[in-house]
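Just target-v7.csv here, CSV, C-alpha atoms:
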```csv
chain,number,residue,atom,x,y,z
I,1,ILE,CA,-127.2,1.1,89.9
I,2,MET,CA,-126.9,2.7,93.4
I,3,ALA,CA,-126.6,-0.7,95.1
I,4,LEU,CA,-123.9,-1.8,92.6
I,5,SER,CA,-121.9,1.5,93.0
I,6,GLY,CA,-122.2,1.1,96.8
I,7,ALA,CA,-120.9,-2.4,96.7
I,8,MET,CA,-118.0,-1.3,94.5
I,9,LEU,CA,-117.2,1.6,96.8
I,10,SER,CA,-117.3,-0.6,100.0
I,11,SER,CA,-114.9,-3.2,98.4
I,12,CYS,CA,-112.6,-0.3,97.3
I,13,THR,CA,-112.3,1.2,100.8
I,14,LYS,CA,-111.5,-2.2,102.3
I,15,ASN,CA,-108.1,-2.2,100.6
I,16,TYR,CA,-106.9,1.4,100.1
I,17,TYR,CA,-104.1,0.3,97.8
I,18,ASP,CA,-106.4,-1.0,95.1
I,19,CYS,CA,-108.8,1.9,94.9
I,20,ASP,CA,-106.7,4.1,92.6
I,21,GLN,CA,-107.4,4.0,88.8
I,22,ASN,CA,-103.6,3.7,88.3
I,23,ALA,CA,-103.3,0.8,90.8
I,24,GLN,CA,-100.7,-1.7,89.6
I,25,GLN,CA,-101.6,-5.4,90.1
I,26,ILE,CA,-98.9,-7.6,91.7
I,27,LYS,CA,-97.7,-10.3,89.3
I,28,LEU,CA,-95.3,-13.1,90.4
I,29,SER,CA,-93.3,-15.9,88.8
I,30,SER,CA,-91.0,-18.5,90.3
I,31,GLU,CA,-87.9,-20.6,90.0
I,32,VAL,CA,-86.4,-23.1,92.3
I,33,THR,CA,-82.7,-23.3,93.2
I,34,LEU,CA,-81.3,-26.8,92.8
I,35,SER,CA,-78.0,-26.6,94.7
I,36,GLY,CA,-76.4,-29.2,92.4
I,37,THR,CA,-78.6,-32.1,93.5
I,38,PRO,CA,-81.9,-33.4,92.2
I,39,ARG,CA,-84.9,-32.5,94.3
I,40,ALA,CA,-88.6,-33.3,94.4
I,41,GLN,CA,-89.4,-30.3,92.2
I,42,GLU,CA,-87.2,-28.4,89.9
I,43,LEU,CA,-90.2,-26.1,89.1
I,44,ILE,CA,-93.2,-25.9,91.3
I,45,ARG,CA,-95.6,-28.3,89.7
I,46,ALA,CA,-99.0,-27.5,88.3
I,47,GLY,CA,-101.7,-27.7,91.0
I,48,GLN,CA,-99.3,-27.1,93.9
I,49,SER,CA,-100.3,-24.3,96.3
I,50,LEU,CA,-98.3,-22.0,98.5
I,51,SER,CA,-98.7,-19.3,101.1
I,52,LEU,CA,-97.8,-15.7,100.2
I,53,PHE,CA,-97.4,-12.7,102.5
I,54,VAL,CA,-96.9,-9.1,101.3
I,55,THR,CA,-95.7,-6.3,103.6
I,56,PRO,CA,-94.5,-2.7,103.0
I,57,ALA,CA,-90.7,-2.9,102.6
I,58,GLY,CA,-89.0,-3.3,106.0
I,59,THR,CA,-92.3,-3.4,107.9
I,60,PRO,CA,-93.2,-7.1,108.5
I,61,ALA,CA,-95.7,-6.2,111.2
I,62,GLU,CA,-97.9,-4.2,108.7
I,63,LEU,CA,-99.4,-6.8,106.4
I,64,LEU,CA,-100.8,-5.8,103.1
I,65,TYR,CA,-101.8,-9.4,102.2
I,66,SER,CA,-101.7,-12.3,104.6
I,67,ASN,CA,-101.5,-16.0,103.6
I,68,VAL,CA,-102.8,-15.5,100.0
I,69,MET,CA,-103.0,-18.9,98.3
I,70,LEU,CA,-101.0,-19.0,95.1
I,71,ASN,CA,-101.5,-21.9,92.7
I,72,ALA,CA,-98.6,-22.9,90.5
I,73,ASP,CA,-99.3,-23.4,86.8
I,74,GLY,CA,-96.3,-25.7,86.3
I,75,SER,CA,-94.3,-23.3,84.1
I,76,GLY,CA,-93.2,-20.8,86.7
I,77,GLY,CA,-96.4,-18.8,86.9
I,78,PHE,CA,-99.3,-18.6,89.4
I,79,THR,CA,-103.0,-18.0,89.6
I,80,TYR,CA,-104.1,-16.1,92.7
I,81,SER,CA,-106.9,-16.7,95.2
I,82,GLN,CA,-107.4,-12.9,95.2
I,83,ASN,CA,-106.1,-10.0,93.2
I,84,MET,CA,-103.2,-8.0,94.9
I,85,PHE,CA,-102.0,-4.5,94.2
I,86,TYR,CA,-99.0,-2.4,95.0
I,87,PRO,CA,-99.6,0.4,97.5
I,88,ILE,CA,-100.7,3.6,95.8
I,89,ASP,CA,-98.5,5.7,98.0
I,90,GLY,CA,-95.5,4.3,96.2
I,91,ARG,CA,-93.9,2.3,99.0
I,92,ASN,CA,-91.9,-0.7,98.0
I,93,VAL,CA,-92.9,-4.1,99.2
I,94,ASP,CA,-91.5,-7.4,100.6
I,95,PHE,CA,-92.7,-10.8,99.5
I,96,PHE,CA,-92.5,-14.0,101.6
I,97,ALA,CA,-93.7,-17.4,100.4
I,98,VAL,CA,-93.8,-21.0,101.8
I,99,HIS,CA,-94.7,-24.2,100.0
I,100,PRO,CA,-97.0,-26.1,100.6
I,101,TYR,CA,-99.9,-23.8,101.5
I,102,GLN,CA,-101.1,-23.9,105.1
I,103,ALA,CA,-104.5,-22.5,106.0
I,104,GLY,CA,-104.2,-20.2,109.0
I,105,ALA,CA,-100.5,-19.5,108.4
I,106,LEU,CA,-99.2,-16.2,110.0
I,107,LEU,CA,-96.1,-14.3,108.9
I,108,GLY,CA,-95.0,-13.7,112.5
I,109,SER,CA,-95.3,-17.3,113.7
I,110,THR,CA,-93.6,-20.5,112.9
I,111,LEU,CA,-95.5,-23.1,110.8
I,112,ASP,CA,-95.5,-26.8,111.6
I,113,PHE,CA,-94.5,-29.0,108.8
I,114,SER,CA,-94.4,-32.8,108.4
I,115,VAL,CA,-93.1,-35.0,105.7
I,116,SER,CA,-95.8,-37.5,104.5
I,117,PRO,CA,-94.9,-41.0,105.7
I,118,ASN,CA,-96.4,-42.4,102.5
I,119,GLN,CA,-94.4,-41.1,99.5
I,120,ALA,CA,-96.1,-43.4,96.9
I,121,ALA,CA,-98.8,-40.9,96.0
I,122,GLU,CA,-97.5,-37.9,94.0
I,123,THR,CA,-99.5,-35.4,96.0
I,124,ASN,CA,-97.9,-36.6,99.2
I,125,TYR,CA,-94.5,-36.6,97.6
I,126,LEU,CA,-94.8,-33.0,96.3
I,127,ASN,CA,-96.4,-31.7,99.5
I,128,SER,CA,-93.4,-33.1,101.4
I,129,ASP,CA,-91.1,-30.6,99.5
I,130,LEU,CA,-90.7,-27.7,101.9
I,131,LEU,CA,-89.8,-24.6,99.9
I,132,HIS,CA,-89.2,-21.0,100.9
I,133,ALA,CA,-88.7,-17.7,99.0
I,134,PHE,CA,-88.5,-14.0,99.9
I,135,ARG,CA,-87.8,-10.9,97.9
I,136,THR,CA,-87.4,-7.5,99.7
I,137,ASP,CA,-87.7,-3.9,98.7
I,138,VAL,CA,-89.5,-4.5,95.5
I,139,ALA,CA,-90.6,-1.4,93.6
I,140,ARG,CA,-94.0,-1.1,91.9
I,141,THR,CA,-93.7,-2.7,88.4
I,142,SER,CA,-96.0,-4.0,85.7
I,143,GLN,CA,-93.6,-7.0,85.2
I,144,ALA,CA,-93.8,-10.3,87.0
I,145,VAL,CA,-91.5,-10.3,90.0
I,146,SER,CA,-89.5,-13.6,90.2
I,147,LEU,CA,-89.4,-15.4,93.5
I,148,THR,CA,-86.5,-17.8,93.9
I,149,PHE,CA,-87.5,-20.8,96.1
I,150,SER,CA,-85.0,-22.9,97.9
I,151,HIS,CA,-85.4,-26.4,99.2
I,152,LYS,CA,-85.4,-26.5,103.0
I,153,LEU,CA,-85.1,-30.3,103.3
I,154,SER,CA,-83.0,-33.0,101.7
I,155,LYS,CA,-84.3,-35.5,99.2
I,156,ILE,CA,-83.3,-39.2,99.5
I,157,ASP,CA,-83.5,-41.5,96.5
I,158,PHE,CA,-83.2,-45.2,96.7
I,159,ILE,CA,-82.1,-47.7,94.0
I,160,ILE,CA,-82.6,-51.2,95.3
I,161,ARG,CA,-81.2,-54.2,93.5
I,162,THR,CA,-80.4,-57.8,94.4
I,163,ALA,CA,-76.9,-59.0,93.9
I,164,ASP,CA,-78.0,-61.6,91.3
I,165,GLY,CA,-80.4,-59.3,89.4
I,166,ILE,CA,-83.6,-61.2,90.6
I,167,GLU,CA,-86.7,-59.0,90.7
I,168,LEU,CA,-87.8,-57.8,94.1
I,169,ASN,CA,-91.5,-58.7,93.7
I,170,ASN,CA,-92.3,-58.6,97.4
I,171,LEU,CA,-90.7,-55.2,98.2
I,172,ASN,CA,-93.5,-52.8,98.8
I,173,SER,CA,-92.0,-50.2,101.1
I,174,VAL,CA,-88.7,-48.7,102.3
I,175,GLU,CA,-88.4,-47.1,105.8
I,176,ILE,CA,-85.9,-44.5,106.9
I,177,LEU,CA,-85.0,-44.8,110.6
I,178,ASN,CA,-83.6,-42.1,112.9
I,179,VAL,CA,-84.7,-39.0,111.0
I,180,LEU,CA,-87.1,-36.3,112.2
I,181,PRO,CA,-90.3,-36.4,110.1
I,182,SER,CA,-91.4,-32.9,111.2
I,183,THR,CA,-90.1,-29.4,111.8
I,184,THR,CA,-91.2,-25.8,111.9
I,185,ILE,CA,-90.4,-23.0,109.5
I,186,SER,CA,-90.5,-19.2,109.9
I,187,PRO,CA,-92.3,-17.7,106.8
I,188,SER,CA,-90.4,-14.4,107.2
I,189,THR,CA,-86.8,-15.9,107.5
I,190,GLY,CA,-87.0,-19.4,106.1
I,191,VAL,CA,-85.3,-20.7,109.2
I,192,ILE,CA,-86.3,-24.3,110.1
```
Could you take the file, read its structure, and then write that structure out as structure tokens?
Amino acid sequence: IMALSGAMLSSCTKNYYDCDQNAQQIKLSSEVTLSGTPRAQELIRAGQSLSLFVTPAGTPAELLYSNVMLNADGSGGFTYSQNMFYPIDGRNVDFFAVHPYQAGALLGSTLDFSVSPNQAAETNYLNSDLLHAFRTDVARTSQAVSLTFSHKLSKIDFIIRTADGIELNNLNSVEILNVLPSTTISPSTGVI
């Protein structure tokens, strides 16, 4: 019993904001803005992961949670790689999120991002959809806080037909020339 209580106490002191009996767990949900045109995802699909950062409101240098992996459930909700709690001192918080998840991502640095050259596999297609969301000055709540994600890149759809309606049996790829396949994004601002 002593060893168990010692382990519980040491994990409690690691994160001062989740040690209180009245600690409020952070819950999040999502939606994706469409800007009038179809995109890769109108809702973050089940199994897709993203990077989340939580800071005290207006204090991005003081991270409460850094690069927590959120996994989308396909209906606007998430499962979390770790439980997160609002600060017990009552401070409001800021949320910053980037899809897809990148191991080693830091809030104060830009992240490298590349579109997959092979869009045939759904995973590559979905991971090529660069999304960003932020929500600032959020008060402690028991309700899920909605993060509104915006698409940071354009989606290009092709419909290829022959003039005489003959099947294109030998067409197996389409290449887009003179576009940049990679960029960087700031998790705190969403600027690419």
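In this structure, atom CA of Pro187 of chain I sits 14.1 Å away from atom CA of Thr148 of chain I.
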- Quick one: distance from atom CA of Phe149 of chain I to atom CA of Ile44 of chain I in Å, one decimal?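 If I compute the distance from atom CA of Phe149 of chain I to atom CA of Ile44 of chain I, I get 9.0 Å.
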Please report, as JSON lines, each residue of segment 40-103 of chain I lying at most 7 Å from segment 129-139 of chain I, together with the nearest pair of atoms and the separation in Å rounded to one decimal; use all atoms listed in the file, and order rows by chain and ascending residue number.
```
{"residue": "I:Ala40", "atom": "CA", "partner": "I:Asp129", "partner_atom": "CA", "distance": 6.3}
{"residue": "I:Ala57", "atom": "CA", "partner": "I:Asp137", "partner_atom": "CA", "distance": 5.0}
{"residue": "I:Asn92", "atom": "CA", "partner": "I:Ala139", "partner_atom": "CA", "distance": 4.6}
{"residue": "I:Val93", "atom": "CA", "partner": "I:Val138", "partner_atom": "CA", "distance": 5.0}
{"residue": "I:Asp94", "atom": "CA", "partner": "I:Thr136", "partner_atom": "CA", "distance": 4.2}
{"residue": "I:Phe95", "atom": "CA", "partner": "I:Arg135", "partner_atom": "CA", "distance": 5.2}
{"residue": "I:Phe96", "atom": "CA", "partner": "I:Phe134", "partner_atom": "CA", "distance": 4.3}
{"residue": "I:Ala97", "atom": "CA", "partner": "I:Ala133", "partner_atom": "CA", "distance": 5.2}
{"residue": "I:Val98", "atom": "CA", "partner": "I:His132", "partner_atom": "CA", "distance": 4.7}
{"residue": "I:His99", "atom": "CA", "partner": "I:Leu131", "partner_atom": "CA", "distance": 4.9}
{"residue": "I:Pro100", "atom": "CA", "partner": "I:Leu130", "partner_atom": "CA", "distance": 6.6}
```
- With all atoms listed in the file as the basis for distance, which of I:Ala23, I:Ile192, I:Ala46, I:Ala121 is at the shortest distance from His151 of chain I?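 Using all atoms listed in the file, His151 of chain I sits closest to I:Ile192.
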- What is the atom CA of Ser66 of chain I-atom CA of Leu43 of chain I distance in Å, reported with one decimal?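 Between atom CA of Ser66 of chain I and atom CA of Leu43 of chain I the gap works out to 23.7 Å.
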Residue neighbourhood Gln143 of chain I, 10 Å, only C-alpha atoms, exclusion window fewer than 4 positions, as a short mmCIF file (atom, residue, chain, number, x, y, z; two decimals) with C-alpha atoms, in the coordinates of the input:
```cif
data_model
loop_
_atom_site.label_atom_id
_atom_site.label_comp_id
_atom_site.auth_asym_id
_atom_site.auth_seq_id
_atom_site.Cartn_x
_atom_site.Cartn_y
_atom_site.Cartn_z
CA GLN I 24 -100.70 -1.70 89.60
CA GLN I 25 -101.60 -5.40 90.10
CA ILE I 26 -98.90 -7.60 91.70
CA LYS I 27 -97.70 -10.30 89.30
CA LEU I 28 -95.30 -13.10 90.40
CA SER I 29 -93.30 -15.90 88.80
#
```
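Nearest residue to Thr110 of chain I, choosing from I:Ser186, I:Ser128, I:Gln82, I:Thr33 and counting only C-alpha atoms: I:Ser186.
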- Item | Nearest to Leu70 of chain I by atom-to-atom distance, counting all atoms listed in the file, from I:Gln102, I:Gly108, I:Pro56, I:Ile88 | I:Gln102
- Message: as a list in words, please: the residues near segment 168-180 of chain I (cut-off 12 Å, only C-alpha atoms, same-chain neighbours under 4 positions excluded).
- Response: Phe113, Ser114, Val115, Ser116, Pro117, Asn118, Gln119, Ala120, Leu153, Ser154, Lys155, Ile156, Asp157, Phe158, Ile159, Ile160, Arg161, Thr162, Ala163, Asp164 and Thr184 of chain I
Selection file, C-alpha atoms, as a short mmCIF file (atom, residue, chain, number, x, y, z; two decimals), in the frame of the given file:
```cif
data_model
loop_
_atom_site.label_atom_id
_atom_site.label_comp_id
_atom_site.auth_asym_id
_atom_site.auth_seq_id
_atom_site.Cartn_x
_atom_site.Cartn_y
_atom_site.Cartn_z
CA PHE I 113 -94.50 -29.00 108.80
CA SER I 114 -94.40 -32.80 108.40
CA VAL I 115 -93.10 -35.00 105.70
CA SER I 116 -95.80 -37.50 104.50
CA PRO I 117 -94.90 -41.00 105.70
CA ASN I 118 -96.40 -42.40 102.50
CA GLN I 119 -94.40 -41.10 99.50
CA ALA I 120 -96.10 -43.40 96.90
CA LEU I 153 -85.10 -30.30 103.30
CA SER I 154 -83.00 -33.00 101.70
CA LYS I 155 -84.30 -35.50 99.20
CA ILE I 156 -83.30 -39.20 99.50
CA ASP I 157 -83.50 -41.50 96.50
CA PHE I 158 -83.20 -45.20 96.70
CA ILE I 159 -82.10 -47.70 94.00
CA ILE I 160 -82.60 -51.20 95.30
CA ARG I 161 -81.20 -54.20 93.50
CA THR I 162 -80.40 -57.80 94.40
CA ALA I 163 -76.90 -59.00 93.90
CA ASP I 164 -78.00 -61.60 91.30
CA THR I 184 -91.20 -25.80 111.90
#
```
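The nearest approach to Lys152 of chain I among the residues I:Thr189, I:Ser30, I:Ser75, I:Ser81, with all atoms listed in the file taken into account, belongs to I:Thr189.
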- Compile the contact shell of Val68 of chain I as a VMD selection string: residues with an atom at most 10 Å away, counting all atoms listed in the file, same-chain residues fewer than 2 positions apart removed. chain I and resid 49 to 54 65 to 66 70 to 71 80 to 84 97 101 to 103 105
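Nearest residue to Glu31 of chain I among I:Thr79, I:Glu62, I:Asp112, I:Ser146 is I:Ser146, counting all atoms listed in the file.
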- Residue nearest Gly76 of chain I among I:Pro181, I:Glu167, I:Val32, I:Glu122 (counting all atoms listed in the file):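 Counting all atoms listed in the file, the residue closest to Gly76 of chain I is I:Val32.
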